[in-house]
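Enquirer: Contents of work.txt (compact mmCIF, C-alpha atoms) are below:
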# COMPACT_ATOMS: atom_id res chain seq x y z
CA MET G 1 33.18 11.00 -19.16
CA ASN G 2 36.02 10.13 -21.49
CA TYR G 3 34.46 8.84 -24.66
CA LYS G 4 34.51 11.87 -26.93
CA LYS G 5 32.96 12.46 -30.32
CA SER G 6 35.94 12.81 -32.64
CA HIS G 7 34.49 12.90 -36.13
CA GLN G 8 31.69 11.63 -38.36
CA ARG G 9 31.27 9.05 -41.11
CA LEU G 10 28.94 9.55 -44.04
CA LEU G 11 26.43 6.79 -44.75
CA VAL G 12 25.46 6.82 -48.44
CA LEU G 13 21.99 5.27 -48.63
CA ASP G 14 19.88 4.30 -51.65
CA ASP G 15 16.15 4.75 -51.01
CA SER G 16 15.31 3.24 -54.40
CA LEU G 17 16.07 -0.22 -52.99
CA HIS G 18 12.76 -0.05 -51.10
CA ASN G 19 9.25 1.11 -51.95
CA THR G 20 8.12 2.16 -48.48
CA GLY G 21 7.83 5.80 -49.47
CA LYS G 22 10.03 6.75 -46.53
CA LYS G 23 13.68 7.64 -46.34
CA ILE G 24 15.86 4.97 -44.78
CA ARG G 25 17.91 7.55 -42.85
CA GLU G 26 14.76 8.64 -40.99
CA GLU G 27 14.12 5.13 -39.62
CA LEU G 28 17.54 3.68 -38.65
CA SER G 29 17.17 1.44 -35.61
CA SER G 30 20.32 -0.68 -35.25
CA VAL G 31 23.82 -1.22 -36.62
CA VAL G 32 26.63 -3.77 -36.38
CA ARG G 33 30.04 -3.93 -38.08
CA THR G 34 31.75 -6.94 -39.65
CA GLY G 35 35.17 -6.02 -41.02
CA ASP G 36 34.81 -3.19 -43.54
CA TYR G 37 31.03 -3.63 -43.71
CA LEU G 38 28.20 -2.01 -41.76
CA TRP G 39 24.87 -3.79 -41.43
CA LEU G 40 21.89 -1.53 -40.73
CA ALA G 41 18.23 -2.08 -39.92
CA PHE G 42 15.39 0.41 -40.32
CA ASP G 43 11.98 0.37 -38.67
CA GLU G 44 9.75 0.01 -41.71
CA GLY G 45 11.67 -2.79 -43.38
CA HIS G 46 11.99 -6.56 -43.48
CA SER G 47 15.58 -6.51 -44.71
CA LEU G 48 19.17 -5.86 -43.69
CA GLU G 49 21.10 -3.05 -45.34
CA ARG G 50 24.82 -3.44 -46.02
CA LEU G 51 27.32 -0.64 -46.63
CA LYS G 52 31.02 -0.98 -47.41
CA ARG G 53 33.68 1.31 -46.00
CA VAL G 54 35.49 3.18 -48.76
CA ARG G 55 38.06 5.44 -47.10
CA SER G 56 36.07 7.63 -44.66
CA THR G 57 32.63 6.86 -46.15
CA TYR G 58 30.27 3.87 -46.01
CA LYS G 59 28.68 3.33 -49.41
CA GLU G 60 27.85 0.66 -52.06
CA HIS G 61 24.44 0.07 -50.44
CA GLN G 62 22.94 -3.40 -50.88
CA SER G 63 19.74 -4.81 -49.36
CA PHE G 64 19.12 -8.38 -48.17
CA PRO G 65 15.49 -9.45 -47.50
CA LEU G 66 15.16 -11.59 -44.38
CA THR G 67 12.70 -13.83 -46.20
CA ASP G 68 15.63 -15.13 -48.28
CA TYR G 69 17.05 -16.72 -45.11
CA ILE G 70 14.32 -17.30 -42.51
CA ASP G 71 10.57 -17.93 -42.48
CA LEU G 72 8.52 -14.95 -41.33
CA PRO G 73 4.84 -15.46 -40.40
CA ALA G 74 3.73 -12.30 -42.20
CA GLY G 75 6.14 -12.55 -45.11
CA LYS G 76 7.49 -9.19 -46.18
CA ASP G 77 5.59 -7.14 -43.58
CA GLU G 78 7.55 -4.93 -41.19
CA VAL G 79 9.81 -6.79 -38.72
CA ASP G 80 10.68 -3.77 -36.57
CA ILE G 81 14.30 -4.89 -36.19
CA GLU G 82 15.66 -3.15 -33.10
CA GLY G 83 18.85 -5.09 -32.46
CA LEU G 84 21.73 -6.54 -34.47
CA ALA G 85 24.75 -8.46 -33.18
CA TYR G 86 27.65 -10.47 -34.61
CA ASP G 87 29.22 -13.42 -32.80
CA GLY G 88 31.89 -14.41 -35.32
CA LYS G 89 29.66 -16.91 -37.16
CA TYR G 90 26.13 -15.53 -37.12
CA LEU G 91 24.41 -12.21 -37.54
CA TRP G 92 21.72 -12.06 -34.84
CA ILE G 93 18.45 -10.14 -35.24
CA ALA G 94 15.99 -9.04 -32.56
CA GLY G 95 12.52 -7.73 -33.29
CA SER G 96 10.85 -5.43 -30.76
CA HIS G 97 8.26 -8.01 -29.53
CA SER G 98 5.96 -5.05 -28.86
CA SER G 99 2.51 -4.00 -29.93
CA LYS G 100 1.99 -0.45 -31.18
CA ARG G 101 -0.59 2.26 -30.62
CA ASP G 102 -2.03 4.13 -33.57
CA LYS G 103 -0.88 7.73 -34.11
CA PRO G 104 -3.38 10.61 -34.43
CA ASP G 105 -1.13 12.49 -36.89
CA ASP G 106 -3.58 13.54 -39.59
CA ARG G 107 -4.99 16.91 -38.44
CA GLU G 108 -7.45 16.92 -41.32
CA GLU G 109 -9.35 14.14 -39.56
CA SER G 110 -11.96 15.07 -36.98
CA VAL G 111 -10.96 15.31 -33.33
CA LYS G 112 -13.24 12.35 -32.66
CA LYS G 113 -11.35 10.16 -35.15
CA ARG G 114 -7.96 11.25 -33.85
CA ILE G 115 -8.96 10.46 -30.28
CA LYS G 116 -10.26 7.08 -31.43
CA ARG G 117 -6.90 6.32 -33.03
CA LEU G 118 -5.26 6.46 -29.61
CA SER G 119 -7.44 3.56 -28.50
CA LYS G 120 -6.37 1.29 -31.37
CA LEU G 121 -3.61 -1.24 -30.82
CA LYS G 122 -1.94 -3.30 -33.52
CA ILE G 123 0.21 -6.42 -33.40
CA ASP G 124 2.60 -7.06 -36.28
CA GLN G 125 3.38 -10.77 -36.38
CA ASN G 126 6.94 -10.34 -37.66
CA ARG G 127 7.93 -8.29 -34.62
CA TYR G 128 8.21 -11.49 -32.56
CA THR G 129 11.48 -12.42 -34.21
CA ILE G 130 14.77 -13.49 -32.69
CA ALA G 131 16.91 -15.09 -35.38
CA ARG G 132 20.42 -15.84 -36.56
CA ILE G 133 21.82 -15.92 -40.10
CA PRO G 134 25.23 -17.39 -41.01
CA ILE G 135 27.69 -14.74 -42.13
CA VAL G 136 31.04 -15.68 -43.64
CA GLU G 137 33.97 -13.59 -44.85
CA ASP G 138 35.33 -14.27 -48.32
CA PRO G 139 39.08 -14.77 -47.67
CA LYS G 140 39.98 -13.32 -51.07
CA THR G 141 37.84 -10.18 -51.12
CA GLY G 142 37.08 -9.56 -47.43
CA GLU G 143 33.37 -9.38 -48.29
CA TYR G 144 30.97 -10.62 -45.61
CA GLN G 145 28.13 -12.61 -47.11
CA LEU G 146 24.88 -13.95 -45.62
CA HIS G 147 23.87 -17.58 -46.16
CA LYS G 148 20.80 -19.69 -45.53
CA SER G 149 23.16 -22.60 -44.86
CA CYS G 150 26.90 -23.00 -45.33
CA THR G 151 29.98 -24.84 -44.11
CA ASP G 152 31.60 -23.46 -40.97
CA PRO G 153 34.97 -22.16 -42.26
CA ASN G 154 36.60 -23.04 -38.93
CA GLN G 155 35.04 -26.52 -38.67
CA PRO G 156 34.57 -27.93 -42.20
CA LYS G 157 32.52 -30.88 -40.95
CA LYS G 158 29.97 -28.55 -39.32
CA LYS G 159 27.10 -26.65 -40.96
CA LEU G 160 25.95 -23.15 -40.07
CA THR G 161 22.19 -22.72 -40.60
CA ALA G 162 19.78 -19.81 -40.47
CA ALA G 163 17.14 -20.33 -37.79
CA LYS G 164 14.51 -18.44 -35.82
CA LEU G 165 13.30 -18.72 -32.23
CA LYS G 166 10.07 -20.70 -31.93
CA ALA G 167 7.13 -18.36 -32.45
CA LYS G 168 3.45 -18.16 -33.33
CA GLU G 169 1.44 -15.40 -34.94
CA ASN G 170 1.49 -12.93 -32.05
CA TYR G 171 4.13 -14.18 -29.65
CA SER G 172 7.50 -15.90 -29.47
CA GLN G 173 8.53 -18.62 -27.03
CA LEU G 174 10.20 -15.86 -25.01
CA SER G 175 7.23 -13.48 -24.81
CA LYS G 176 4.97 -16.42 -23.91
CA LYS G 177 7.24 -17.20 -20.94
CA LEU G 178 7.42 -13.53 -19.91
CA ALA G 179 3.62 -13.28 -19.89
CA LYS G 180 3.71 -15.44 -16.74
CA ASP G 181 6.58 -13.56 -15.09
CA LYS G 182 5.84 -11.40 -12.03
CA HIS G 183 7.81 -8.46 -13.44
CA PHE G 184 6.44 -8.62 -16.98
CA ALA G 185 2.90 -10.03 -16.87
CA SER G 186 1.18 -6.64 -16.54
CA PHE G 187 3.28 -5.08 -19.34
CA ILE G 188 2.99 -7.68 -22.11
CA ASP G 189 -0.13 -6.16 -23.68
CA ILE G 190 1.01 -2.53 -23.29
CA PRO G 191 2.52 -0.94 -26.43
CA GLY G 192 6.27 -0.47 -26.44
CA LYS G 193 6.25 3.32 -26.47
CA ASP G 194 3.87 3.28 -23.46
CA ASN G 195 6.44 1.46 -21.24
CA GLY G 196 5.30 -1.97 -22.38
CA LEU G 197 7.61 -4.79 -23.36
CA ASP G 198 10.01 -3.46 -26.01
CA ILE G 199 13.27 -5.19 -27.00
CA GLU G 200 15.67 -2.60 -28.43
CA GLY G 201 19.12 -4.17 -28.27
CA ILE G 202 20.95 -7.46 -28.58
CA ALA G 203 24.49 -8.55 -27.75
CA VAL G 204 25.97 -12.05 -27.99
CA VAL G 205 28.90 -13.44 -26.01
CA GLY G 206 29.54 -17.12 -26.71
CA GLU G 207 26.24 -18.89 -25.99
CA ARG G 208 24.93 -15.98 -23.92
CA ILE G 209 22.41 -13.72 -25.66
CA PHE G 210 21.56 -10.42 -23.98
CA LEU G 211 18.38 -8.52 -24.87
CA GLY G 212 18.18 -4.88 -23.79
CA LEU G 213 14.69 -3.61 -22.98
CA ARG G 214 13.54 -0.08 -23.59
CA GLY G 215 10.55 -1.03 -21.49
CA PRO G 216 9.31 -1.81 -19.03
CA VAL G 217 11.38 0.35 -16.71
CA LEU G 218 10.43 -0.44 -13.12
CA ARG G 219 10.94 2.30 -10.53
CA GLY G 220 13.95 3.58 -12.48
CA TRP G 221 15.38 0.10 -13.17
CA ALA G 222 15.97 -1.00 -16.77
CA ILE G 223 16.16 -4.71 -17.59
CA ILE G 224 18.53 -6.86 -19.60
CA LEU G 225 17.26 -10.37 -20.34
CA GLU G 226 19.75 -13.19 -20.80
CA ILE G 227 18.83 -16.25 -22.83
CA GLN G 228 20.51 -19.20 -24.51
CA VAL G 229 19.15 -21.24 -27.41
CA LYS G 230 19.56 -24.64 -29.01
CA GLN G 231 18.50 -26.11 -32.32
CA LYS G 232 14.97 -27.53 -32.26
CA SER G 233 14.73 -28.32 -35.97
CA LYS G 234 16.48 -27.28 -39.16
CA LYS G 235 14.85 -23.84 -39.16
CA THR G 236 13.86 -23.40 -35.52
CA LEU G 237 15.59 -22.53 -32.24
CA LYS G 238 14.23 -23.03 -28.75
CA LEU G 239 15.18 -21.60 -25.38
CA LYS G 240 17.48 -23.50 -23.03
CA LYS G 241 16.76 -23.68 -19.33
CA ILE G 242 19.35 -21.45 -17.63
CA GLY G 243 17.62 -19.82 -14.66
CA LYS G 244 16.42 -20.88 -11.24
CA LYS G 245 13.70 -23.51 -11.08
CA GLY G 246 14.07 -24.34 -14.75
CA LYS G 247 13.42 -20.83 -16.10
CA HIS G 248 14.39 -20.14 -19.69
CA TYR G 249 15.95 -16.72 -19.00
CA ARG G 250 17.75 -14.62 -16.41
CA LYS G 251 16.90 -11.04 -15.49
CA HIS G 252 19.56 -8.40 -14.89
CA PHE G 253 18.39 -5.05 -13.48
CA VAL G 254 20.45 -1.91 -14.13
CA HIS G 255 19.66 1.48 -12.61
CA LEU G 256 19.96 4.09 -15.34
CA HIS G 257 18.00 6.86 -13.55
CA GLY G 258 14.78 5.94 -15.32
CA MET G 259 16.18 5.51 -18.80
CA GLY G 260 15.42 2.46 -20.93
CA ILE G 261 17.91 0.59 -23.09
CA ARG G 262 18.19 1.63 -26.73
CA GLU G 263 21.06 -0.65 -27.80
CA LEU G 264 23.69 -3.08 -26.50
CA ALA G 265 27.21 -3.80 -27.77
CA VAL G 266 30.25 -5.76 -26.62
CA ALA G 267 33.76 -4.30 -26.30
CA GLU G 268 36.24 -7.01 -25.24
CA ASP G 269 34.93 -8.16 -21.83
CA ASP G 270 32.68 -5.14 -21.28
CA LEU G 271 29.01 -4.63 -22.06
CA LEU G 272 28.07 -1.24 -23.51
CA ILE G 273 24.59 0.27 -23.12
CA LEU G 274 23.00 3.08 -25.10
CA ALA G 275 20.18 4.37 -22.88
CA GLY G 276 17.47 6.98 -23.30
CA PRO G 277 13.81 7.83 -22.65
CA THR G 278 11.39 4.91 -22.47
CA MET G 279 8.39 6.95 -23.59
CA ASP G 280 8.07 8.82 -26.88
CA CYS G 281 9.70 12.01 -25.68
CA ASP G 282 12.91 14.01 -25.93
CA GLY G 283 15.66 13.57 -23.41
CA THR G 284 19.31 12.75 -22.91
CA ILE G 285 20.63 9.59 -24.57
CA ALA G 286 23.77 8.40 -22.81
CA LEU G 287 26.42 5.74 -23.19
CA TYR G 288 27.20 3.41 -20.26
CA ARG G 289 29.65 0.58 -19.67
CA ILE G 290 29.41 -2.47 -17.41
CA VAL G 291 33.04 -3.44 -16.82
CA GLN G 292 33.59 -7.21 -17.21
CA GLY G 293 29.95 -7.59 -18.25
CA LEU G 294 27.22 -9.39 -16.31
CA PRO G 295 27.63 -12.40 -13.99
CA ASP G 296 27.28 -15.69 -15.86
CA THR G 297 25.65 -17.87 -13.21
CA LYS G 298 22.98 -15.73 -11.57
CA GLU G 299 20.63 -12.79 -11.88
CA SER G 300 21.94 -9.39 -10.83
CA MET G 301 21.15 -5.80 -9.84
CA LEU G 302 23.58 -3.01 -10.64
CA TYR G 303 23.09 0.40 -9.05
CA ASN G 304 23.95 3.52 -11.02
CA ASP G 305 27.26 4.01 -9.22
CA GLU G 306 28.31 0.48 -10.27
CA ILE G 307 27.93 1.38 -13.96
CA GLU G 308 30.28 3.76 -15.78
CA ARG G 309 28.59 6.62 -17.59
CA LEU G 310 30.92 7.32 -20.49
CA ALA G 311 29.25 10.10 -22.46
CA ASN G 312 26.10 12.01 -23.27
CA VAL G 313 25.45 11.14 -26.91
CA THR G 314 22.55 13.53 -27.52
CA LEU G 315 20.73 16.01 -25.32
CA GLY G 316 17.20 15.84 -26.68
CA HIS G 317 15.58 19.21 -27.31
CA ARG G 318 18.93 21.01 -27.26
CA THR G 319 19.49 19.79 -30.81
CA GLN G 320 16.07 19.75 -32.49
CA TYR G 321 12.75 18.69 -31.00
CA GLY G 322 11.90 15.07 -31.77
CA LYS G 323 15.14 14.54 -33.69
CA ASP G 324 18.57 12.92 -33.34
CA LYS G 325 17.48 9.82 -31.43
CA ALA G 326 20.58 7.65 -31.05
CA GLU G 327 19.41 4.11 -31.81
CA GLY G 328 22.35 2.05 -33.06
CA LEU G 329 25.76 1.34 -31.51
CA THR G 330 28.63 -0.83 -32.72
CA LEU G 331 32.33 -1.24 -32.11
CA ALA G 332 34.19 0.43 -34.95
CA GLU G 333 37.84 -0.04 -35.85
CA ASP G 334 40.70 0.89 -33.49
CA GLY G 335 38.55 0.72 -30.35
CA LYS G 336 36.22 3.47 -31.52
CA LEU G 337 32.43 3.41 -31.32
CA LEU G 338 30.00 4.23 -34.11
CA VAL G 339 26.51 5.58 -33.38
CA VAL G 340 23.63 5.94 -35.87
CA TYR G 341 20.48 8.01 -35.38
CA ASP G 342 16.77 7.66 -35.99
CA ALA G 343 15.08 10.89 -37.16
CA PRO G 344 18.41 12.70 -37.76
CA ALA G 345 18.60 16.44 -37.22
CA ILE G 346 19.08 18.68 -40.26
CA ARG G 347 22.81 19.08 -39.56
CA ARG G 348 23.21 15.30 -39.80
CA LYS G 349 21.68 15.01 -43.28
CA LYS G 350 23.41 15.28 -46.64
CA ASN G 351 21.93 15.20 -50.13
CA GLU G 352 18.52 13.58 -50.51
CA SER G 353 19.17 10.29 -48.72
CA ASP G 354 22.52 10.30 -46.90
CA ALA G 355 23.26 10.77 -43.20
CA TYR G 356 26.21 11.13 -40.87
CA ALA G 357 27.04 8.66 -38.10
CA ASP G 358 29.14 9.76 -35.12
CA ILE G 359 32.46 8.22 -34.14
CA PHE G 360 33.43 8.29 -30.45
CA THR G 361 36.99 7.62 -29.29
CA TYR G 362 38.34 6.53 -25.93
CA PRO G 363 41.52 8.42 -24.90
CA GLU G 364 44.35 5.94 -24.42
CA GLY G 365 45.64 5.63 -20.88
CA GLU G 366 42.61 7.21 -19.20
CA LYS G 367 39.94 5.47 -17.15
CA ALA G 368 36.28 6.25 -17.58
CA SER G 369 34.86 8.03 -14.56
CA LYS G 370 31.66 6.92 -12.88
Once more with this new file: its structure as structure tokens, please.

Expert:
Amino acid sequence: MNYKKSHQRLLVLDDSLHNTGKKIREELSSVVRTGDYLWLAFDEGHSLERLKRVRSTYKEHQSFPLTDYIDLPAGKDEVDIEGLAYDGKYLWIAGSHSSKRDKPDDREESVKKRIKRLSKLKIDQNRYTIARIPIVEDPKTGEYQLHKSCTDPNQPKKKLTAAKLKAKENYSQLSKKLAKDKHFASFIDIPGKDNGLDIEGIAVVGERIFLGLRGPVLRGWAIILEIQVKQKSKKTLKLKKIGKKGKHYRKHFVHLHGMGIRELAVAEDDLLILAGPTMDCDGTIALYRIVQGLPDTKESMLYNDEIERLANVTLGHRTQYGKDKAEGLTLAEDGKLLVVYDAPAIRRKKNESDAYADIFTYPEGEKASK
């Protein structure tokens, strides 16, 4: 395992930009880099957070509400953004597409009420979001800016437009299709943290969009969904038919010894996977690589010995119980990788709101071992 943690980068976060009552660093769920800028998502929000690299620190926190760019069925309610990706023109966003089970956290309530909470399921309409927002670099300042619509800097006669995959109140076009799929039908109504459908990563290569699933994991096999989209209307995308018998998706099964996918990223021709426990429990979170990515004309199955395990990122309870859950992964500068954490351990916190991200390097001239 040759990716090694070399150092850390401080993320300077401003909780006053939101009124959720929670600290942003406790809820980080995804990250992607564009030039000197990091874009972050956190579980309780409906916005994207942008930090600028200033020497060895990311700071100058700004927040960008998604409702400024795309229509959300529940307005400014939680989106549960679990995946971010950048394809050179658009910033892509993936919501979890999962329902959630209530938590019996309040010990002052009666046992009867706490038990009842575990029977309650909730569907947040905004979670069924897969969207893209134009992002363009200012050639003078290097600043990356989001737009609802703008001219494509590489093709001046073409427009880039923000758009969202076709969706209704409690499903998207994708989840509606999966509800009839033999692998997914029995998991659609199960909450994400109970091994139900739970999108937790997105990566984009050309027209190919990969969605990493934390659940379901089937007999140790995690699943990556591949989709492609086309413009349906000014604000709406729809799925293309890319699979056998006119299906709108392909399934790729990867054996990660029972782990689900927490994040996806692209490094040149390779697909990187951050994988960890599917259920709400402690455990190892590891980094994997699929050399040359996934086949582009068919579905696939990759056994564990066909996937390179590059590093253990965290080791669950060895750090601090219920803490340090690696959730976000992006390619940093100079071939390095940057990882951000949900529920950071005490050693990863600084001041009232700031947190450290880890930087992993790949030793030049060495090959990753399987």

Enquirer: Please list as a compact mmCIF listing (two decimals) with C-alpha atoms, in the frame of the given file every residue within 10 Å of Asp194 of chain G, counting all atoms listed in the file and excluding residues in the same chain fewer than 5 positions away.

Expert:
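Here's the written file out35.txt:
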# COMPACT_ATOMS: atom_id res chain seq x y z
CA SER G 99 2.51 -4.00 -29.93
CA LYS G 100 1.99 -0.45 -31.18
CA ARG G 101 -0.59 2.26 -30.62
CA PHE G 187 3.28 -5.08 -19.34
CA GLY G 215 10.55 -1.03 -21.49
CA PRO G 216 9.31 -1.81 -19.03
CA THR G 278 11.39 4.91 -22.47
CA MET G 279 8.39 6.95 -23.59
CA ASP G 280 8.07 8.82 -26.88

Enquirer: So what do you get for atom CA of Asp15 of chain G versus atom CA of Lys193 of chain G, distance-wise?

Expert: 26.5 Å

Enquirer: Can you tell me, as a PyMOL selection string, what residues are no more than 9 Å from Asp342 of chain G when counting all atoms listed in the file, ignoring any on the same chain fewer than 4 positions away?

Expert: chain G and resi 25-29+42+323-328

Enquirer: For segment 150-152 of chain G, please output as a list of chain:residue names all residues within 10 Å (counting all atoms listed in the file; exclusion window: fewer than 4 positions along the same chain).

Expert: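 After dropping sequence-adjacent residues, the list is G:Lys89, G:Pro134, G:Ile135, G:Val136, G:Leu146, G:Pro156, G:Lys157, G:Lys158, G:Lys159, G:Leu160, G:Thr161, G:Ala162.
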
Enquirer: Just how far from atom CA of Glu78 of chain G is atom CA of Val111 of chain G, in Å to one decimal?

Expert: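 If I compute the distance from atom CA of Val111 of chain G to atom CA of Glu78 of chain G, I get 28.5 Å.
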
Enquirer: Give me the residues within 12 Å of Gly83 of chain G as an MDAnalysis selection string, counting only C-alpha atoms and dropping any in the same chain fewer than 2 places off.

Expert: chainID G and resid 28:32 39:43 48 79:81 85:86 91:97 127 129:132 198:204 209:214 261:265 274 327:330

Enquirer: Residues near Arg9 of chain G, anyone? I mean within 6 Å using all atoms listed in the file, not counting same-chain ones fewer than 5 positions away, as a PyMOL selection string.

Expert: chain G and resi 57+356-357

Enquirer: Those residues with C-alpha atoms, as a PDB file, keeping the file's coordinate frame please?

Expert:
ATOM      1  CA  THR G  57      32.630   6.860 -46.150  1.00  0.00           C
ATOM      2  CA  TYR G 356      26.210  11.130 -40.870  1.00  0.00           C
ATOM      3  CA  ALA G 357      27.040   8.660 -38.100  1.00  0.00           C
TER       4      ALA G 357
END

Enquirer: With distances taken over only C-alpha atoms, which of G:Pro153, G:Ala275, G:Ala332, G:Tyr321 is nearest to Arg309 of chain G?

Expert: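 Answer, going by the shortest atom-to-atom distance: G:Ala275.
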
Enquirer: Measuring atom to atom with only C-alpha atoms, identify which of G:Asp124, G:Asp14, G:Asp138, G:Asp282 is nearest to Asp77 of chain G.

Expert: G:Asp124

Enquirer: Considering all atoms listed in the file, can you say which of G:Asn304, G:Glu268, G:Tyr249, G:Asp71 comes closest to Lys234 of chain G?

Expert: G:Asp71
